[in-house]
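A.B. asks: The following file, query05.txt, comprises compact mmCIF, C-alpha atoms:
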# COMPACT_ATOMS: atom_id res chain seq x y z
CA MET F 657 22.79 -90.84 182.96
CA VAL F 658 22.60 -94.25 181.34
CA LYS F 659 18.98 -93.57 180.38
CA GLN F 660 19.97 -90.24 178.72
CA ALA F 661 22.76 -91.95 176.78
CA GLY F 662 20.24 -94.53 175.61
CA PHE F 663 17.87 -91.82 174.35
CA LEU F 664 20.76 -90.11 172.55
CA ALA F 665 21.77 -93.36 170.86
CA GLU F 666 18.16 -94.02 169.85
CA ASN F 667 17.84 -90.52 168.39
CA LEU F 668 21.10 -90.89 166.49
CA VAL F 669 19.98 -94.21 165.05
CA GLY F 670 16.63 -92.68 164.12
CA ILE F 671 18.30 -89.72 162.37
CA ALA F 672 20.71 -92.07 160.55
CA VAL F 673 17.85 -94.25 159.33
CA GLY F 674 15.89 -91.15 158.27
CA LEU F 675 18.86 -89.76 156.36
CA GLY F 676 19.42 -93.13 154.73
CA VAL F 677 15.83 -93.23 153.54
CA VAL F 678 16.10 -89.64 152.25
CA VAL F 679 19.31 -90.49 150.35
CA ILE F 680 17.67 -93.55 148.79
CA LEU F 681 14.60 -91.53 147.77
CA VAL F 682 16.70 -88.69 146.32
CA SER F 683 18.84 -91.11 144.33
CA LEU F 684 15.70 -92.83 143.06
CA TRP F 685 14.23 -89.48 142.10
CA VAL F 686 17.43 -88.33 140.35
CA ALA F 687 17.71 -91.57 138.37
CA ASP F 688 14.06 -91.37 137.42
CA ALA F 689 14.23 -87.67 136.54
CA SER F 690 17.18 -88.15 134.16
CA ARG F 691 15.50 -91.12 132.49
CA ARG F 692 12.25 -89.17 132.26
CA THR F 693 14.04 -86.14 130.75
CA HIS F 694 15.56 -88.44 128.15
CA GLU F 695 12.17 -89.94 127.38
CA ILE F 696 10.47 -86.55 127.18
CA GLU F 697 13.18 -85.30 124.79
CA GLY F 698 12.48 -88.33 122.60
CA MET F 699 8.75 -87.68 122.81
CA ILE F 700 9.17 -84.05 121.75
CA GLU F 701 11.31 -85.16 118.82
CA ARG F 702 8.70 -87.74 117.89
CA ALA F 703 5.93 -85.15 118.21
CA ASP F 704 7.76 -83.06 115.58
CA LEU F 705 7.95 -86.08 113.29
CA ASP F 706 4.27 -86.86 113.88
CA ALA F 707 3.39 -83.25 113.00
CA ALA F 708 5.44 -83.62 109.79
CA THR F 709 3.62 -86.89 109.01
CA PHE F 710 0.33 -85.00 109.28
CA TYR F 711 1.58 -81.98 107.33
CA LEU F 712 3.35 -83.56 104.35
CA PRO F 713 0.23 -85.14 102.74
CA LEU F 714 -1.26 -81.64 102.61
CA VAL F 715 1.42 -80.61 100.13
CA VAL F 716 2.19 -83.96 98.49
CA VAL F 717 -1.35 -85.21 97.73
CA PRO F 718 -2.45 -82.19 95.60
CA ALA F 719 0.90 -81.96 93.77
CA GLN F 720 0.77 -82.36 90.00
CA ARG F 721 4.50 -82.92 89.65
CA ILE F 722 7.01 -84.19 92.22
CA GLU F 723 10.65 -83.80 91.33
CA VAL F 724 14.10 -83.87 92.86
CA VAL F 725 16.09 -80.72 92.06
CA SER F 726 19.70 -79.77 92.68
CA ARG F 727 20.84 -77.21 95.24
CA ALA F 728 21.68 -74.77 92.43
CA THR F 729 18.07 -74.89 91.19
CA LEU F 730 16.80 -74.49 94.75
CA VAL F 731 19.04 -71.48 95.43
CA GLN F 732 17.84 -69.87 92.22
CA ALA F 733 14.20 -70.38 93.29
CA ILE F 734 14.57 -69.16 96.88
CA HIS F 735 17.28 -66.55 96.32
CA GLU F 736 15.50 -63.87 98.34
CA SER F 737 15.02 -66.15 101.34
CA GLN F 738 17.14 -65.78 104.50
CA VAL F 739 17.46 -69.55 104.68
CA HIS F 740 20.73 -71.10 103.60
CA PRO F 741 20.22 -74.55 102.03
CA ILE F 742 22.65 -77.24 103.21
CA SER F 743 21.23 -80.33 101.52
CA SER F 744 22.62 -81.22 98.10
CA ALA F 745 19.13 -81.73 96.69
CA ALA F 746 15.56 -80.68 97.38
CA VAL F 747 12.04 -81.81 96.57
CA LYS F 748 10.01 -79.58 94.30
CA LEU F 749 6.24 -80.00 94.41
CA THR F 750 4.30 -78.25 91.68
CA HIS F 751 0.65 -77.49 92.44
CA PRO F 752 -1.91 -75.79 90.17
CA PHE F 753 -1.25 -72.36 91.72
CA SER F 754 1.85 -72.79 93.85
CA THR F 755 5.26 -74.36 94.16
CA THR F 756 6.70 -75.92 97.31
CA TYR F 757 10.31 -76.87 98.06
CA LEU F 758 11.41 -79.17 100.90
CA TYR F 759 15.06 -79.06 101.88
CA LEU F 760 17.51 -78.99 104.78
CA GLY F 761 18.68 -75.51 105.66
CA MET F 762 19.73 -73.01 108.30
CA SER F 763 18.70 -69.43 108.88
CA LYS F 764 20.19 -66.53 110.80
CA THR F 765 17.41 -66.64 113.35
CA GLN F 766 17.39 -70.41 113.63
CA ASN F 767 20.97 -71.56 113.37
CA LYS F 768 20.11 -75.19 114.09
CA SER F 769 19.63 -77.05 110.83
CA ALA F 770 16.05 -77.96 110.04
CA LEU F 771 13.79 -79.35 107.34
CA TRP F 772 12.48 -76.20 105.67
CA VAL F 773 9.39 -75.63 103.55
CA HIS F 774 9.51 -72.83 100.99
CA GLN F 775 6.20 -71.98 99.32
CA GLU F 776 5.53 -69.60 96.48
CA ARG F 777 1.88 -68.83 95.82
CA PHE F 778 0.76 -66.13 93.37
CA GLY F 779 4.14 -64.41 93.88
CA ASN F 780 3.92 -64.49 97.68
CA THR F 781 6.55 -66.58 99.40
CA SER F 782 6.73 -68.15 102.84
CA ASN F 783 9.45 -70.08 104.66
CA GLN F 784 8.76 -72.40 107.56
CA ALA F 785 10.98 -74.77 109.52
CA LEU F 786 9.06 -78.02 109.78
CA LEU F 787 11.33 -79.83 112.23
CA ASP F 788 14.88 -79.78 113.56
CA ALA F 789 17.03 -82.13 111.53
CA SER F 790 20.75 -82.57 111.07
CA GLY F 791 22.70 -85.08 109.01
CA ASP F 792 21.61 -86.02 105.54
CA LEU F 793 18.45 -85.64 103.52
CA THR F 794 17.91 -88.69 101.32
CA LEU F 795 15.53 -88.45 98.39
CA GLU F 796 14.61 -91.66 96.61
CA MET F 797 12.23 -91.58 93.71
CA THR F 798 10.87 -94.17 91.30
CA ASN F 799 7.95 -94.00 88.88
CA GLU F 800 5.66 -95.23 91.63
CA THR F 801 7.03 -94.00 94.96
CA PHE F 802 8.87 -91.10 96.45
CA CYS F 803 10.64 -91.34 99.84
CA LEU F 804 12.16 -88.55 101.88
CA GLY F 805 14.59 -89.72 104.57
CA LEU F 806 16.39 -87.98 107.40
CA SER F 807 19.42 -89.41 109.18
CA ASP F 808 19.10 -87.45 112.44
CA PRO F 809 16.38 -87.96 113.59
CA GLN F 810 16.06 -91.21 111.69
CA TRP F 811 12.83 -90.91 109.75
CA VAL F 812 11.45 -91.85 106.36
CA TYR F 813 8.30 -90.48 104.76
CA CYS F 814 7.06 -92.26 101.64
CA HIS F 815 4.39 -91.28 99.15
CA HIS F 816 2.81 -93.48 96.47
CA ARG F 817 2.06 -91.81 93.17
CA LEU F 818 -1.56 -90.73 92.74
CA PRO F 819 -3.61 -90.32 89.52
CA GLY F 820 -2.49 -87.29 87.53
CA GLN F 821 0.88 -86.99 89.29
CA THR F 822 4.23 -87.26 87.57
CA HIS F 823 7.55 -88.10 89.18
CA GLU F 824 10.66 -86.55 87.71
CA PHE F 825 14.11 -87.54 88.89
CA MET E 84 7.60 -99.97 171.02
CA SER E 85 4.29 -99.00 169.44
CA SER E 86 5.66 -95.51 168.64
CA ARG E 87 8.58 -97.12 166.76
CA ALA E 88 6.24 -99.35 164.82
CA GLY E 89 4.14 -96.31 163.95
CA SER E 90 7.24 -94.40 162.70
CA ALA E 91 8.33 -97.38 160.61
CA LEU E 92 4.84 -97.67 159.14
CA ILE E 93 4.80 -93.96 158.24
CA ALA E 94 8.26 -94.29 156.64
CA VAL E 95 7.11 -97.30 154.59
CA LEU E 96 3.97 -95.42 153.52
CA ILE E 97 6.03 -92.39 152.44
CA VAL E 98 8.36 -94.60 150.36
CA MET E 99 5.38 -96.38 148.79
CA ALA E 100 3.65 -93.08 148.04
CA VAL E 101 6.74 -91.69 146.30
CA LEU E 102 7.25 -94.87 144.29
CA GLY E 103 3.55 -94.96 143.41
CA PHE E 104 3.63 -91.34 142.28
CA LEU E 105 6.64 -92.03 140.06
CA TRP E 106 5.02 -95.18 138.66
CA VAL E 107 1.72 -93.43 137.83
CA GLY E 108 3.59 -90.52 136.20
CA ASP E 109 5.55 -93.00 134.10
CA TRP E 110 2.44 -94.93 133.14
CA VAL E 111 0.62 -91.78 131.99
CA LEU E 112 3.64 -90.75 129.92
CA ARG E 113 3.82 -94.15 128.21
CA LEU E 114 0.06 -94.29 127.66
CA THR E 115 0.04 -90.84 126.02
CA ASP E 116 2.99 -91.85 123.85
CA GLU E 117 1.29 -95.08 122.78
CA MET E 118 -1.97 -93.30 121.93
CA THR E 119 -0.13 -90.71 119.82
CA ARG E 120 1.80 -93.45 118.00
CA ASP E 121 -1.41 -95.41 117.29
CA ARG E 122 -3.06 -92.26 115.94
CA VAL E 123 -0.14 -91.58 113.56
CA ILE E 124 -0.11 -95.20 112.35
CA GLN E 125 -3.89 -95.07 111.77
CA MET E 126 -3.47 -91.82 109.87
CA GLU E 127 -0.80 -93.36 107.64
CA GLN E 128 -3.01 -96.38 106.97
CA LYS E 129 -5.95 -94.13 106.11
CA HIS E 130 -3.79 -92.21 103.64
CA ARG E 131 -2.65 -95.47 102.06
CA SER E 132 -6.25 -96.66 101.76
CA ALA E 133 -7.24 -93.28 100.27
CA SER E 134 -4.46 -93.63 97.66
CA GLN E 135 -5.70 -97.09 96.69
CA ALA E 136 -9.29 -95.80 96.58
CA GLU E 137 -8.16 -93.04 94.18
CA TRP E 138 -6.71 -95.58 91.74
CA ASP E 139 -9.87 -97.72 92.03
CA ALA E 140 -12.05 -94.67 91.33
CA LEU E 141 -9.90 -93.79 88.31
CA ASP E 142 -10.18 -97.35 86.94
CA ARG E 143 -13.95 -97.21 87.34
CA LEU E 144 -14.20 -93.83 85.57
CA ILE E 145 -11.92 -95.01 82.76
CA ARG E 146 -14.25 -97.99 82.15
CA GLU E 147 -17.19 -95.57 81.93
CA ALA E 148 -15.39 -92.99 79.75
CA ASP E 149 -15.75 -92.64 75.97
CA PRO E 150 -12.37 -93.30 74.28
CA LEU E 151 -13.33 -91.26 71.22
CA GLU E 152 -13.96 -88.09 73.16
CA GLY E 153 -11.13 -85.62 73.78
CA TRP E 154 -9.99 -84.39 77.18
CA GLN E 155 -12.95 -84.96 79.47
CA PRO E 156 -13.18 -83.71 83.07
CA ILE E 157 -13.72 -86.33 85.76
CA GLU E 158 -14.21 -86.03 89.49
CA TYR E 159 -14.27 -88.42 92.39
CA VAL E 160 -14.62 -88.08 96.16
CA ILE E 161 -12.52 -90.19 98.50
CA PRO E 162 -12.89 -90.22 102.29
CA ASP E 163 -9.39 -90.15 103.77
CA GLY E 164 -10.18 -90.54 107.44
CA VAL E 165 -10.69 -87.03 108.70
CA SER E 166 -12.12 -85.37 105.59
CA GLU E 167 -13.16 -86.03 102.01
CA ARG E 168 -10.66 -85.66 99.20
CA VAL E 169 -12.36 -84.15 96.14
CA VAL E 170 -10.17 -84.82 93.11
CA SER E 171 -10.77 -83.42 89.65
CA LEU E 172 -8.75 -84.52 86.63
CA LYS E 173 -8.85 -84.47 82.85
CA LEU E 174 -8.90 -87.79 81.05
CA ALA E 175 -8.30 -88.67 77.39
CA ASN E 176 -7.47 -91.70 75.29
CA VAL E 177 -4.36 -90.79 73.29
CA ASN E 178 -3.23 -93.42 70.74
CA GLY E 179 -4.99 -96.19 72.63
CA GLN E 180 -3.57 -95.21 76.02
CA TRP E 181 -5.46 -93.38 78.73
CA MET E 182 -3.78 -90.18 79.86
CA VAL E 183 -4.58 -88.10 82.94
CA LYS E 184 -3.64 -84.47 83.57
CA ASP E 185 -4.54 -81.31 85.52
CA ARG E 186 -4.84 -82.89 88.97
CA GLN E 187 -6.65 -80.64 91.45
CA VAL E 188 -7.47 -81.63 95.02
CA LEU E 189 -9.73 -80.05 97.60
CA TRP E 190 -10.34 -81.29 101.11
CA ARG E 191 -13.97 -81.08 102.07
CA ALA E 192 -14.70 -81.23 105.80
CA LYS E 193 -16.67 -84.30 106.83
CA VAL E 194 -19.47 -83.27 109.15
CA VAL E 195 -19.99 -85.79 111.94
CA SER E 196 -22.23 -85.75 114.97
CA HIS E 197 -21.18 -87.03 118.39
Kindly transcribe the structure held in the file into structure tokens.

C.D. replies:
Amino acid sequence: MVKQAGFLAENLVGIAVGLGVVVILVSLWVADASRRTHEIEGMIERADLDAATFYLPLVVVPAQRIEVVSRATLVQAIHESQVHPISSAAVKLTHPFSTTYLYLGMSKTQNKSALWVHQERFGNTSNQALLDASGDLTLEMTNETFCLGLSDPQWVYCHHRLPGQTHEF
Amino acid sequence: MSSRAGSALIAVLIVMAVLGFLWVGDWVLRLTDEMTRDRVIQMEQKHRSASQAEWDALDRLIREADPLEGWQPIEYVIPDGVSERVVSLKLANVNGQWMVKDRQVLWRAKVVSH
């Protein structure tokens, strides 16, 4: 009888220790998973910004004229687009055969605000959301540099004027 | 007694395996992130160098150009890291000052062998 009670106590202690270890492991896993989720979200956001860093030179380097235009001018240029501009200003890049606008906007299909690219080439237009962005779009331009800044995510892209380019602001 | 020691050893091994798995996962994530960041920084530096190289090429072509001639086409090729930037412009000396217009850029793929 005493021996059986001893076995029972040993088993109970074993189960308690096992459960304790499981609880510790689960709590470790939960803490790690939430931190990892947070990190992965940041990485995805950064991947969007990296993609934009790779994309923007493709439209900025060949531009003949870089200018900051008002929302009214932008609306007039993209009037047939489904995208609703929300930034007070936009960047207009004039190329030999096309015009590109960069601005913050929202569309019916993508109601989260984003940095949009509107391109008009030989009368054909295209609209693409480059990356999710809320907050403000800051456009700073001097004779030598042009910087595009976002407040959320915090990001600044700067371009130095190249031969044959003009900055208008 | 030996069975208890064996159970404890297995428990310790399980805990270590889980922690090791988490640590390796974390390390891979950070390493990937660091490599991507380095690549973007390198890309930005290459673009900056390409911009400087464009101005240097323009200065060189201006020194070689005839100031009495009208608008003259010029062209230079700048490697920008992943490709070659072929830039064509028109250059003229107007009232003693060099003017540049009609910028056109093409990216020519750089063929490399591995």

A.B. asks: Return the neighbours of chain F among the residues of chain E, cut-off 9 Å, counting only C-alpha atoms, as a ChimeraX atom specification.

C.D. replies: /E:94,98,101-102,105,109,112,116,119-120,123,126-127,130-131,134-135,137-138,141,170,172-173,182-189

A.B. asks: So, counting all atoms listed in the file, which residue among F:Gln784, F:Gln810, F:Asn767, F:Ser790 is closest to Ser743 (chain F)?

C.D. replies: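 Among F:Gln784, F:Gln810, F:Asn767, F:Ser790, it is F:Ser790 that comes nearest to Ser743 (chain F).
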
A.B. asks: Return the single residue from F:Asp792, F:Glu776, F:Glu666, F:Glu824 that is closest to Glu736 (chain F), with distances computed using only C-alpha atoms.

C.D. replies: F:Glu776

A.B. asks: Please indicate the distance in Å from CA of Leu793 (chain F) to CA of Val773 (chain F), rounded to one decimal place.

C.D. replies: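 For CA of Leu793 (chain F) relative to CA of Val773 (chain F), the distance reads 13.5 Å.
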
A.B. asks: In Å, rounded to a single decimal, give me how far CA of Val715 (chain F) is from CA of Leu749 (chain F).

C.D. replies: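 Computing the Euclidean distance for CA of Leu749 (chain F) and CA of Val715 (chain F) yields 7.5 Å.
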